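**Q** What follows is entry.csv; its format and atoms are CSV, C-alpha atoms.
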```csv
chain,number,residue,atom,x,y,z
F,1,MET,CA,44.1,-0.2,1.0
F,2,ASN,CA,40.5,-0.4,2.3
F,3,ALA,CA,39.3,-2.7,5.1
F,4,ARG,CA,37.7,-5.3,2.8
F,5,ALA,CA,40.8,-5.7,0.7
F,6,ALA,CA,43.0,-6.0,3.8
F,7,GLN,CA,40.7,-8.7,5.2
F,8,TRP,CA,40.7,-10.7,2.0
F,9,ILE,CA,44.5,-10.5,1.6
F,10,VAL,CA,45.1,-11.9,5.2
F,11,LEU,CA,42.4,-14.5,4.8
F,12,VAL,CA,43.9,-15.8,1.5
F,13,VAL,CA,47.3,-16.1,3.2
F,14,PHE,CA,45.7,-17.9,6.1
F,15,CYS,CA,44.0,-20.4,3.9
F,16,THR,CA,47.1,-20.9,1.8
F,17,GLY,CA,49.1,-21.6,4.9
F,18,ALA,CA,46.5,-24.1,6.2
F,19,THR,CA,46.7,-26.2,3.0
F,20,LEU,CA,50.4,-26.8,3.8
F,21,ALA,CA,49.3,-29.1,6.6
F,22,GLY,CA,48.6,-31.8,4.1
F,23,ALA,CA,52.0,-31.5,2.4
F,24,GLU,CA,54.4,-32.0,5.3
F,25,ASP,CA,57.5,-34.1,4.9
F,26,ALA,CA,57.7,-37.4,6.8
F,27,GLU,CA,59.4,-36.8,10.1
F,28,LYS,CA,60.3,-38.9,13.1
F,29,PRO,CA,57.2,-39.3,15.2
F,30,PRO,CA,57.2,-37.2,18.3
F,31,PRO,CA,57.4,-38.8,21.7
F,32,ASP,CA,54.2,-39.9,23.3
F,33,LYS,CA,53.4,-37.2,25.9
F,34,SER,CA,49.7,-37.9,26.3
F,35,GLY,CA,50.1,-39.2,29.8
F,36,TYR,CA,51.4,-35.9,31.3
F,37,ASN,CA,49.1,-33.4,32.9
F,38,LEU,CA,49.0,-30.7,35.5
F,39,PHE,CA,49.7,-33.1,38.3
F,40,ASN,CA,52.2,-35.2,36.3
F,41,PRO,CA,54.5,-32.6,34.6
F,42,THR,CA,56.3,-33.2,31.4
F,43,PRO,CA,60.0,-33.9,32.0
F,44,GLU,CA,62.3,-31.1,31.1
F,45,SER,CA,64.0,-33.3,28.5
F,46,LEU,CA,60.7,-33.6,26.6
F,47,MET,CA,59.6,-30.0,26.8
F,48,ARG,CA,59.0,-28.2,23.5
F,49,GLU,CA,60.8,-25.0,22.4
F,50,LEU,CA,59.6,-21.8,24.2
F,51,THR,CA,57.0,-20.2,21.9
F,52,PRO,CA,55.2,-17.3,23.6
F,53,ASP,CA,52.0,-15.6,22.3
F,54,ARG,CA,54.0,-12.3,22.5
F,55,PRO,CA,55.4,-10.0,21.4
F,56,ASP,CA,53.4,-9.7,18.2
F,57,LYS,CA,49.6,-9.6,18.1
F,58,THR,CA,49.4,-13.0,16.2
F,59,GLU,CA,48.8,-15.7,18.8
F,60,SER,CA,50.8,-18.9,18.8
F,61,PRO,CA,49.1,-22.3,18.4
F,62,TYR,CA,51.7,-23.9,20.7
F,63,THR,CA,50.7,-24.7,24.3
F,64,VAL,CA,52.6,-24.7,27.5
F,65,ASP,CA,53.8,-28.2,28.4
F,66,ALA,CA,51.7,-30.1,30.9
F,67,GLY,CA,52.4,-29.3,34.6
F,68,HIS,CA,54.5,-26.2,33.7
F,69,PHE,CA,53.8,-22.5,34.1
F,70,GLN,CA,54.6,-19.5,31.9
F,71,ILE,CA,54.5,-15.7,32.6
F,72,GLU,CA,54.3,-13.3,29.6
F,73,MET,CA,54.2,-9.6,30.4
F,74,ASP,CA,55.0,-6.1,29.3
F,75,TYR,CA,57.1,-3.9,31.6
F,76,ALA,CA,55.0,-1.1,30.2
F,77,THR,CA,53.1,-0.2,27.0
F,78,PHE,CA,52.6,3.4,25.8
F,79,THR,CA,50.0,4.2,23.1
F,80,GLN,CA,49.4,7.6,21.5
F,81,ASP,CA,46.7,8.7,19.1
F,82,ASP,CA,45.9,12.1,17.6
F,83,SER,CA,42.5,12.4,15.8
F,84,ALA,CA,40.3,15.5,15.1
F,85,GLY,CA,42.1,17.7,17.6
F,86,VAL,CA,42.0,15.1,20.4
F,87,ARG,CA,45.2,13.5,21.7
F,88,VAL,CA,44.9,10.3,23.8
F,89,LYS,CA,47.9,8.9,25.7
F,90,THR,CA,47.6,5.6,27.4
F,91,TRP,CA,50.0,3.9,29.8
F,92,ASN,CA,49.5,0.2,30.6
F,93,VAL,CA,51.9,-0.9,33.4
F,94,ALA,CA,52.8,-4.5,33.7
F,95,PRO,CA,49.9,-6.3,31.9
F,96,ILE,CA,50.4,-10.0,32.5
F,97,ASN,CA,49.4,-13.3,30.9
F,98,PHE,CA,49.8,-16.2,33.4
F,99,LYS,CA,49.6,-19.7,31.7
F,100,VAL,CA,49.5,-23.2,33.1
F,101,GLY,CA,49.8,-26.4,31.1
F,102,LEU,CA,46.7,-28.6,31.9
F,103,PHE,CA,47.4,-31.4,29.4
F,104,ASN,CA,50.0,-32.0,26.7
F,105,GLN,CA,47.9,-30.0,24.1
F,106,ALA,CA,45.9,-27.7,26.3
F,107,ASP,CA,46.7,-24.8,28.6
F,108,LEU,CA,44.7,-22.2,30.6
F,109,GLN,CA,45.6,-18.5,30.5
F,110,LEU,CA,44.6,-15.6,32.7
F,111,ILE,CA,45.3,-12.1,31.3
F,112,TYR,CA,45.2,-9.1,33.6
F,113,ASP,CA,45.6,-5.6,32.3
F,114,ASN,CA,46.9,-4.3,35.6
F,115,TYR,CA,47.3,-0.5,36.0
F,116,LEU,CA,46.0,1.8,33.2
F,117,ASN,CA,46.3,5.5,32.9
F,118,VAL,CA,44.5,7.3,30.0
F,119,ARG,CA,45.0,11.0,29.4
F,120,THR,CA,42.7,12.7,26.9
F,121,GLU,CA,43.6,16.2,25.7
F,122,ASP,CA,41.0,18.1,23.7
F,123,GLN,CA,43.1,20.7,21.9
F,124,THR,CA,40.1,22.5,20.6
F,125,ALA,CA,38.2,22.9,23.9
F,126,GLN,CA,41.5,23.3,25.8
F,127,THR,CA,40.5,20.6,28.3
F,128,THR,CA,42.2,17.6,29.8
F,129,ALA,CA,40.7,14.5,31.4
F,130,THR,CA,42.5,11.6,33.1
F,131,GLN,CA,41.3,8.1,33.9
F,132,SER,CA,43.3,5.6,35.9
F,133,GLY,CA,42.7,2.3,37.6
F,134,PHE,CA,43.0,-1.4,37.1
F,135,GLY,CA,42.0,-3.2,34.0
F,136,ASP,CA,39.9,-6.3,33.2
F,137,LEU,CA,40.6,-10.0,33.6
F,138,THR,CA,40.4,-12.3,30.5
F,139,ALA,CA,40.4,-16.1,30.7
F,140,ARG,CA,41.5,-18.2,27.7
F,141,LEU,CA,41.8,-21.9,26.9
F,142,LYS,CA,44.3,-22.9,24.2
F,143,ILE,CA,43.8,-26.2,22.5
F,144,ASN,CA,46.3,-27.4,20.0
F,145,LEU,CA,44.8,-29.6,17.3
F,146,TRP,CA,48.1,-30.5,15.6
F,147,GLY,CA,51.8,-29.7,15.4
F,148,ASP,CA,52.4,-29.0,19.1
F,149,ASP,CA,55.4,-31.4,19.2
F,150,GLY,CA,56.6,-31.4,15.6
F,151,GLY,CA,55.8,-30.8,12.0
F,152,LYS,CA,55.9,-27.9,9.6
F,153,THR,CA,52.5,-26.5,10.6
F,154,ALA,CA,50.6,-26.2,13.9
F,155,PHE,CA,47.0,-25.1,14.4
F,156,GLY,CA,44.9,-24.4,17.5
F,157,LEU,CA,41.7,-23.0,19.0
F,158,LEU,CA,41.8,-20.2,21.5
F,159,PRO,CA,38.3,-19.3,23.0
F,160,PHE,CA,38.4,-16.4,25.5
F,161,ILE,CA,36.0,-14.5,27.8
F,162,LYS,CA,36.6,-11.1,29.4
F,163,PHE,CA,35.3,-10.3,32.9
F,164,PRO,CA,34.7,-6.6,33.7
F,165,VAL,CA,36.7,-6.1,36.9
F,166,ASN,CA,38.1,-2.7,35.9
F,167,THR,CA,38.2,0.3,38.2
F,168,GLY,CA,38.3,4.0,37.5
F,169,HIS,CA,36.1,3.7,34.4
F,170,THR,CA,39.0,2.2,32.4
F,171,GLY,CA,36.7,-0.3,30.7
F,172,ASN,CA,33.0,-1.2,30.3
F,173,SER,CA,30.9,-3.3,32.6
F,174,LEU,CA,30.1,-6.0,30.1
F,175,VAL,CA,31.2,-9.6,29.8
F,176,GLU,CA,32.8,-10.1,26.3
F,177,GLY,CA,34.4,-13.0,24.4
F,178,GLY,CA,35.4,-14.6,21.2
F,179,LEU,CA,37.4,-17.2,19.4
F,180,ILE,CA,40.9,-17.0,17.9
F,181,LEU,CA,42.2,-19.5,15.3
F,182,PRO,CA,46.1,-19.4,15.2
F,183,LEU,CA,48.2,-21.2,12.6
F,184,ALA,CA,52.0,-21.5,12.5
F,185,VAL,CA,53.9,-22.5,9.4
F,186,LYS,CA,57.7,-23.2,9.1
F,187,LEU,CA,58.9,-21.7,5.8
F,188,PRO,CA,62.2,-22.4,3.9
F,189,ALA,CA,65.4,-20.6,4.8
F,190,GLY,CA,64.6,-20.4,8.5
F,191,TRP,CA,61.5,-18.2,8.2
F,192,ASP,CA,58.5,-18.7,10.4
F,193,MET,CA,55.0,-17.5,9.5
F,194,GLY,CA,52.1,-17.0,11.9
F,195,LEU,CA,48.6,-16.4,10.8
F,196,GLU,CA,45.4,-15.7,12.8
F,197,ALA,CA,41.7,-15.3,12.2
F,198,GLY,CA,39.2,-14.5,14.9
F,199,ALA,CA,36.0,-13.0,15.9
F,200,SER,CA,34.7,-11.3,19.1
F,201,ASP,CA,31.4,-10.3,20.6
F,202,LEU,CA,31.8,-6.8,22.2
F,203,GLY,CA,29.7,-4.1,23.7
F,204,ASN,CA,29.0,-0.9,21.8
F,205,GLY,CA,31.0,2.2,22.8
F,206,ASN,CA,27.8,3.9,24.2
F,207,ASP,CA,27.0,0.8,26.3
F,208,ASN,CA,23.9,0.3,24.2
F,209,GLY,CA,23.8,-3.0,22.4
F,210,ARG,CA,26.5,-5.3,21.1
F,211,HIS,CA,28.4,-5.8,17.9
F,212,ALA,CA,30.8,-8.3,16.3
F,213,GLU,CA,34.4,-7.7,15.3
F,214,PHE,CA,36.5,-9.7,12.9
F,215,PHE,CA,40.3,-9.7,13.1
F,216,ASN,CA,43.1,-11.2,11.0
F,217,SER,CA,46.9,-11.0,11.1
F,218,ALA,CA,50.0,-12.3,9.4
F,219,THR,CA,53.5,-12.2,10.9
F,220,PHE,CA,56.9,-13.3,9.6
F,221,GLY,CA,59.9,-13.9,11.8
F,222,HIS,CA,63.5,-14.8,11.4
F,223,ASP,CA,66.7,-15.0,13.4
F,224,ILE,CA,69.0,-12.0,12.9
F,225,ILE,CA,72.2,-13.0,14.6
F,226,GLY,CA,72.7,-15.5,17.4
F,227,LYS,CA,69.9,-15.5,19.9
F,228,LEU,CA,68.5,-12.2,18.5
F,229,GLY,CA,65.4,-12.5,16.2
F,230,GLY,CA,63.0,-10.1,14.6
F,231,TYR,CA,59.5,-10.0,13.1
F,232,ALA,CA,57.2,-7.9,10.9
F,233,GLU,CA,53.4,-8.1,11.1
F,234,PHE,CA,50.2,-6.8,9.5
F,235,PHE,CA,47.1,-6.7,11.7
F,236,SER,CA,43.5,-5.9,10.6
F,237,ASN,CA,40.3,-5.4,12.6
F,238,VAL,CA,36.9,-4.8,11.2
F,239,SER,CA,34.0,-3.8,13.4
F,240,THR,CA,30.3,-4.1,12.7
F,241,GLU,CA,29.5,-1.3,15.1
F,242,ARG,CA,27.8,1.7,13.4
F,243,GLY,CA,30.4,4.4,12.6
F,244,ALA,CA,33.4,2.3,13.6
F,245,GLY,CA,36.4,2.5,11.2
F,246,TRP,CA,38.8,-0.1,10.0
F,247,VAL,CA,41.8,-0.7,12.2
F,248,GLY,CA,45.0,-1.6,10.4
F,249,THR,CA,48.5,-1.7,11.9
F,250,VAL,CA,52.0,-2.6,10.8
F,251,ASP,CA,54.1,-4.0,13.6
F,252,VAL,CA,57.8,-4.7,14.0
F,253,GLY,CA,59.9,-5.9,16.9
F,254,LEU,CA,62.9,-7.8,18.3
F,255,THR,CA,63.2,-10.9,20.5
F,256,TYR,CA,66.2,-12.2,22.4
F,257,ASP,CA,66.5,-15.7,24.0
F,258,VAL,CA,68.3,-15.2,27.3
F,259,THR,CA,67.9,-18.9,28.1
F,260,ASP,CA,65.8,-21.8,26.9
F,261,ASN,CA,63.1,-20.6,29.4
F,262,VAL,CA,63.5,-16.8,29.3
F,263,GLN,CA,62.9,-14.4,26.4
F,264,VAL,CA,62.9,-10.6,26.3
F,265,ASP,CA,61.4,-8.4,23.6
F,266,THR,CA,60.6,-4.9,22.4
F,267,GLY,CA,58.6,-3.5,19.5
F,268,VAL,CA,56.4,-0.8,18.0
F,269,ASN,CA,53.1,-0.9,16.3
F,270,PHE,CA,52.2,1.8,13.7
F,271,GLY,CA,48.6,2.6,12.8
F,272,VAL,CA,48.0,2.7,9.0
F,273,SER,CA,44.3,3.6,9.1
F,274,PRO,CA,42.5,6.6,10.7
F,275,ALA,CA,40.8,4.5,13.3
F,276,ALA,CA,44.0,2.9,14.5
F,277,ASP,CA,46.2,4.3,17.3
F,278,ASP,CA,49.1,6.2,15.8
F,279,GLU,CA,51.9,4.4,17.7
F,280,GLU,CA,52.2,1.8,20.4
F,281,PHE,CA,55.6,1.1,22.1
F,282,PHE,CA,56.3,-1.8,24.4
F,283,ALA,CA,58.9,-3.9,26.0
F,284,GLY,CA,58.5,-7.1,27.9
F,285,LEU,CA,59.6,-10.7,28.8
F,286,THR,CA,58.5,-14.3,29.0
F,287,VAL,CA,59.5,-16.7,31.7
F,288,ARG,CA,58.7,-20.4,31.8
F,289,PHE,CA,59.2,-22.7,34.8
```
Could I get this structure in the form of structure tokens?
**A**
Amino acid sequence: MNARAAQWIVLVVFCTGATLAGAEDAEKPPPDKSGYNLFNPTPESLMRELTPDRPDKTESPYTVDAGHFQIEMDYATFTQDDSAGVRVKTWNVAPINFKVGLFNQADLQLIYDNYLNVRTEDQTAQTTATQSGFGDLTARLKINLWGDDGGKTAFGLLPFIKFPVNTGHTGNSLVEGGLILPLAVKLPAGWDMGLEAGASDLGNGNDNGRHAEFFNSATFGHDIIGKLGGYAEFFSNVSTERGAGWVGTVDVGLTYDVTDNVQVDTGVNFGVSPAADDEEFFAGLTVRF
């Protein structure tokens, strides 16, 4: 499967899911929560189901209830890639996404990469280089357009901007950003589908000029037994940078609802294109309060 075919497949699925918004069954109207905000929190009895953006790559269109906070983080993430005699191993320790509900259908998110360690082994030249330090800070604003408090579909806007606060040359020195469009669809037989389309404006790898990247994903989730659930996902990223290859991954993982406000998860992402990392392993949790 080439990059163009993969992009079209995910885009067709995205558009098909979006059309379901006009065919929802009549349901009991959700309670009016428009009066709640950061300083007038939503009562616990009216809070929506915990729906984090993790652990898959497909973002959720659901926001954190007004006046409440949510922490989503990995304990650690390990990524490995072997390409043309060069092996790269990356550890990302405790990257965190801190969220605060501003209004009923809007939340603010601050993502910090925390500690990064990148080890590059050139097996041809018999050399090894290590970079370590702290990562960048990304600010995101999620706005839900519909479906936050009920319905078979939900859709949102998620603009983001990255600030280059990294140390140890673990990132570039450029401000970067983009927009994500997440869509959620409740399918028959207890299945959930998440779709995402987005674009970003990034700096070139040689710090000379900028380029656009376009990404899409589709994820399907279902309860396995009790509070244990699972998902499978396909992710695609196409870059306009000269010489950049298509990135495609197939991702699988498990989630477990410890309580209504705590979820733990684990998963692995497999690269299915030469430009993608070979494997990425992670485990993490979500806590809402």
**Q** Tell me which protein, DNA and RNA residues are within 10 Å of Thr79 (chain F), counting all atoms listed in the file, leaving out same-chain ones fewer than 6 positions away, and put them as number ranges by chain.
**A** F: 88-92, 118, 268-270, 277-282
**Q** When you count all atoms listed in the file, which of these residues is closest to Val247 (chain F): F:Val272, F:Gln263, F:Val64, F:Gly229?
**A** F:Val272
**Q** What residues have an atom no more than 12 Å from (31.0, -6.9, 31.2) in the file's own frame, counting only C-alpha atoms, and can you write them as a count of residues only?
**A** 23
**Q** For a quick check of understanding, using only C-alpha atoms, which of F:Ala94, F:Ala84, F:Val262, F:Leu179 has the smallest distance to Ala125 (chain F)?
**A**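 With only C-alpha atoms as the atom set, the closest residue is F:Ala84.
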**Q** Would you pick out the contacts of region 191-196 of chain F at 6 Å or less, using all atoms listed in the file, so that residues sharing its chain but fewer than 2 positions from it are not included, and give the list as an mmCIF file with C-alpha atoms, keeping the file's coordinate frame?
**A**
```
data_model
loop_
_atom_site.group_PDB
_atom_site.id
_atom_site.type_symbol
_atom_site.label_atom_id
_atom_site.label_comp_id
_atom_site.auth_asym_id
_atom_site.auth_seq_id
_atom_site.Cartn_x
_atom_site.Cartn_y
_atom_site.Cartn_z
ATOM 1 C CA PHE F 14 45.700 -17.900 6.100
ATOM 2 C CA THR F 58 49.400 -13.000 16.200
ATOM 3 C CA LEU F 181 42.200 -19.500 15.300
ATOM 4 C CA PRO F 182 46.100 -19.400 15.200
ATOM 5 C CA LEU F 183 48.200 -21.200 12.600
ATOM 6 C CA ALA F 184 52.000 -21.500 12.500
ATOM 7 C CA VAL F 185 53.900 -22.500 9.400
ATOM 8 C CA LYS F 186 57.700 -23.200 9.100
ATOM 9 C CA LEU F 187 58.900 -21.700 5.800
ATOM 10 C CA ALA F 189 65.400 -20.600 4.800
ATOM 11 C CA ASN F 216 43.100 -11.200 11.000
ATOM 12 C CA SER F 217 46.900 -11.000 11.100
ATOM 13 C CA ALA F 218 50.000 -12.300 9.400
ATOM 14 C CA THR F 219 53.500 -12.200 10.900
ATOM 15 C CA PHE F 220 56.900 -13.300 9.600
ATOM 16 C CA GLY F 221 59.900 -13.900 11.800
ATOM 17 C CA HIS F 222 63.500 -14.800 11.400
#
```
**Q** For the point (57.8, -6.0, 31.2) in the file's frame, write as a list in words all residues with an atom no more than 9 Å away, counting all atoms listed in the file.
**A**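 Protein and nucleic acid residues near the point are Glu72, Met73, Asp74, Tyr75, Ala76, Thr77, Val93, Ala94, Pro95, Ile96, Val264, Asp265, Phe282, Ala283, Gly284, Leu285 and Thr286 of chain F.
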**Q** Pick the closest to Asp260 (chain F) from F:Lys152, F:Lys227, F:Arg119, F:His169: which is it, counting all atoms listed in the file?
**A**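 When distances to Asp260 (chain F) are compared using all atoms listed in the file, the smallest one comes from F:Lys227.
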**Q** Within 8 Å of Leu254 (chain F), counting all atoms listed in the file, which residues qualify if same-chain residues fewer than 3 places away don't, as a list in words?
**A** Leu228, Gly229, Gly230, Tyr231, Asp265, Thr266 and Gly267 of chain F
**Q** Nearest to Gly168 (chain F): which of F:Gln123, F:Asn117, F:Ser273, F:Ser45 is it, counting only C-alpha atoms?
**A**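 For Gly168 (chain F), the nearest of the given residues is F:Asn117.
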**Q** Nearest residue to Val250 (chain F) out of F:Ala199, F:Ala276, F:Val238, F:Val100, using all atoms listed in the file?
**A**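 Smallest separation from Val250 (chain F) among the options: F:Ala276.
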**Q** Please, what distance in Å, to one decimal, runs between CA of Arg48 (chain F) and CA of Asp149 (chain F)?
**A**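 Separation between CA of Arg48 (chain F) and CA of Asp149 (chain F): 6.5 Å.
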**Q** Between CA of Trp146 (chain F) and CA of Tyr256 (chain F), what is the distance, to one decimal in Å?
**A** 26.6 Å
**Q** Identify which of the residues F:Gln109, F:Asp56, F:Met47, F:Phe39 lies closest to Gly150 (chain F), counting all atoms listed in the file when measuring atom-to-atom distances.
**A** F:Met47
**Q** What is the CA of Gly271 (chain F)-CA of Phe235 (chain F) distance in Å, reported with one decimal?
**A** 9.5 Å
**Q** Write out as a ChimeraX atom specification the residues lying within 9 Å of Leu46 (chain F), counting only C-alpha atoms and excluding same-chain residues fewer than 5 positions away.
**A** /F:31,33,65
**Q** Residues near Ala106 (chain F), anyone? I mean within 9 Å using all atoms listed in the file, not counting same-chain ones fewer than 3 positions away, as a compact mmCIF listing (two decimals) with C-alpha atoms, in the frame of the given file.
**A**
```
# COMPACT_ATOMS: atom_id res chain seq x y z
CA TYR F 62 51.70 -23.90 20.70
CA THR F 63 50.70 -24.70 24.30
CA VAL F 64 52.60 -24.70 27.50
CA ASP F 65 53.80 -28.20 28.40
CA ALA F 66 51.70 -30.10 30.90
CA VAL F 100 49.50 -23.20 33.10
CA GLY F 101 49.80 -26.40 31.10
CA LEU F 102 46.70 -28.60 31.90
CA PHE F 103 47.40 -31.40 29.40
CA LEU F 141 41.80 -21.90 26.90
CA LYS F 142 44.30 -22.90 24.20
CA ILE F 143 43.80 -26.20 22.50
CA ASN F 144 46.30 -27.40 20.00
```
**Q** Place N, CA, C and O atoms on region 57-78 of chain F and deliver the coordinates as a PDB file, in the frame of the given file.
**A**
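Result file is selection.pdb:
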```pdb
ATOM      1  N   LYS F  57      51.009  -9.470  17.774  1.00  0.00           N
ATOM      2  CA  LYS F  57      49.600  -9.600  18.100  1.00  0.00           C
ATOM      3  C   LYS F  57      49.078 -11.004  17.640  1.00  0.00           C
ATOM      4  O   LYS F  57      48.035 -11.453  18.123  1.00  0.00           O
ATOM      5  N   THR F  58      49.779 -11.659  16.720  1.00  0.00           N
ATOM      6  CA  THR F  58      49.400 -13.000  16.200  1.00  0.00           C
ATOM      7  C   THR F  58      49.646 -14.024  17.283  1.00  0.00           C
ATOM      8  O   THR F  58      50.793 -14.217  17.693  1.00  0.00           O
ATOM      9  N   GLU F  59      48.600 -14.697  17.735  1.00  0.00           N
ATOM     10  CA  GLU F  59      48.800 -15.700  18.800  1.00  0.00           C
ATOM     11  C   GLU F  59      49.450 -16.948  18.236  1.00  0.00           C
ATOM     12  O   GLU F  59      49.391 -17.260  17.047  1.00  0.00           O
ATOM     13  N   SER F  60      50.071 -17.688  19.130  1.00  0.00           N
ATOM     14  CA  SER F  60      50.800 -18.900  18.800  1.00  0.00           C
ATOM     15  C   SER F  60      49.828 -20.118  19.011  1.00  0.00           C
ATOM     16  O   SER F  60      49.079 -20.135  19.986  1.00  0.00           O
ATOM     17  N   PRO F  61      49.873 -21.153  18.145  1.00  0.00           N
ATOM     18  CA  PRO F  61      49.100 -22.300  18.400  1.00  0.00           C
ATOM     19  C   PRO F  61      49.707 -23.319  19.370  1.00  0.00           C
ATOM     20  O   PRO F  61      49.093 -24.321  19.746  1.00  0.00           O
ATOM     21  N   TYR F  62      50.952 -23.037  19.800  1.00  0.00           N
ATOM     22  CA  TYR F  62      51.700 -23.900  20.700  1.00  0.00           C
ATOM     23  C   TYR F  62      51.288 -23.704  22.139  1.00  0.00           C
ATOM     24  O   TYR F  62      51.171 -22.560  22.591  1.00  0.00           O
ATOM     25  N   THR F  63      51.115 -24.790  22.893  1.00  0.00           N
ATOM     26  CA  THR F  63      50.700 -24.700  24.300  1.00  0.00           C
ATOM     27  C   THR F  63      51.880 -24.850  25.233  1.00  0.00           C
ATOM     28  O   THR F  63      52.954 -25.317  24.850  1.00  0.00           O
ATOM     29  N   VAL F  64      51.661 -24.469  26.486  1.00  0.00           N
ATOM     30  CA  VAL F  64      52.600 -24.700  27.500  1.00  0.00           C
ATOM     31  C   VAL F  64      52.606 -26.175  27.926  1.00  0.00           C
ATOM     32  O   VAL F  64      51.533 -26.758  28.076  1.00  0.00           O
ATOM     33  N   ASP F  65      53.764 -26.783  28.070  1.00  0.00           N
ATOM     34  CA  ASP F  65      53.800 -28.200  28.400  1.00  0.00           C
ATOM     35  C   ASP F  65      53.065 -28.483  29.716  1.00  0.00           C
ATOM     36  O   ASP F  65      53.053 -27.656  30.642  1.00  0.00           O
ATOM     37  N   ALA F  66      52.460 -29.663  29.783  1.00  0.00           N
ATOM     38  CA  ALA F  66      51.700 -30.100  30.900  1.00  0.00           C
ATOM     39  C   ALA F  66      52.447 -29.961  32.231  1.00  0.00           C
ATOM     40  O   ALA F  66      53.601 -30.380  32.313  1.00  0.00           O
ATOM     41  N   GLY F  67      51.815 -29.367  33.248  1.00  0.00           N
ATOM     42  CA  GLY F  67      52.400 -29.300  34.600  1.00  0.00           C
ATOM     43  C   GLY F  67      53.439 -28.138  34.695  1.00  0.00           C
ATOM     44  O   GLY F  67      54.072 -28.000  35.748  1.00  0.00           O
ATOM     45  N   HIS F  68      53.590 -27.297  33.664  1.00  0.00           N
ATOM     46  CA  HIS F  68      54.500 -26.200  33.700  1.00  0.00           C
ATOM     47  C   HIS F  68      53.766 -24.858  33.637  1.00  0.00           C
ATOM     48  O   HIS F  68      52.600 -24.812  33.238  1.00  0.00           O
ATOM     49  N   PHE F  69      54.455 -23.791  34.009  1.00  0.00           N
ATOM     50  CA  PHE F  69      53.800 -22.500  34.100  1.00  0.00           C
ATOM     51  C   PHE F  69      54.645 -21.488  33.224  1.00  0.00           C
ATOM     52  O   PHE F  69      55.849 -21.672  33.021  1.00  0.00           O
ATOM     53  N   GLN F  70      53.963 -20.458  32.766  1.00  0.00           N
ATOM     54  CA  GLN F  70      54.600 -19.500  31.900  1.00  0.00           C
ATOM     55  C   GLN F  70      54.017 -18.092  32.206  1.00  0.00           C
ATOM     56  O   GLN F  70      52.797 -17.947  32.290  1.00  0.00           O
ATOM     57  N   ILE F  71      54.879 -17.112  32.355  1.00  0.00           N
ATOM     58  CA  ILE F  71      54.500 -15.700  32.600  1.00  0.00           C
ATOM     59  C   ILE F  71      54.917 -14.897  31.377  1.00  0.00           C
ATOM     60  O   ILE F  71      56.109 -14.894  31.039  1.00  0.00           O
ATOM     61  N   GLU F  72      53.977 -14.205  30.739  1.00  0.00           N
ATOM     62  CA  GLU F  72      54.300 -13.300  29.600  1.00  0.00           C
ATOM     63  C   GLU F  72      53.763 -11.923  30.018  1.00  0.00           C
ATOM     64  O   GLU F  72      52.581 -11.787  30.342  1.00  0.00           O
ATOM     65  N   MET F  73      54.602 -10.914  29.969  1.00  0.00           N
ATOM     66  CA  MET F  73      54.200  -9.600  30.400  1.00  0.00           C
ATOM     67  C   MET F  73      54.948  -8.480  29.752  1.00  0.00           C
ATOM     68  O   MET F  73      56.056  -8.680  29.248  1.00  0.00           O
ATOM     69  N   ASP F  74      54.323  -7.319  29.723  1.00  0.00           N
ATOM     70  CA  ASP F  74      55.000  -6.100  29.300  1.00  0.00           C
ATOM     71  C   ASP F  74      55.521  -5.422  30.601  1.00  0.00           C
ATOM     72  O   ASP F  74      54.858  -5.433  31.643  1.00  0.00           O
ATOM     73  N   TYR F  75      56.698  -4.825  30.508  1.00  0.00           N
ATOM     74  CA  TYR F  75      57.100  -3.900  31.600  1.00  0.00           C
ATOM     75  C   TYR F  75      56.129  -2.736  31.572  1.00  0.00           C
ATOM     76  O   TYR F  75      55.628  -2.314  32.612  1.00  0.00           O
ATOM     77  N   ALA F  76      55.899  -2.218  30.373  1.00  0.00           N
ATOM     78  CA  ALA F  76      55.000  -1.100  30.200  1.00  0.00           C
ATOM     79  C   ALA F  76      54.657  -0.986  28.699  1.00  0.00           C
ATOM     80  O   ALA F  76      55.481  -1.334  27.853  1.00  0.00           O
ATOM     81  N   THR F  77      53.471  -0.465  28.396  1.00  0.00           N
ATOM     82  CA  THR F  77      53.100  -0.200  27.000  1.00  0.00           C
ATOM     83  C   THR F  77      52.571   1.258  26.954  1.00  0.00           C
ATOM     84  O   THR F  77      51.762   1.682  27.786  1.00  0.00           O
ATOM     85  N   PHE F  78      53.070   2.001  25.976  1.00  0.00           N
ATOM     86  CA  PHE F  78      52.600   3.400  25.800  1.00  0.00           C
ATOM     87  C   PHE F  78      51.988   3.511  24.410  1.00  0.00           C
ATOM     88  O   PHE F  78      52.571   3.136  23.390  1.00  0.00           O
TER      89      PHE F  78
END
```
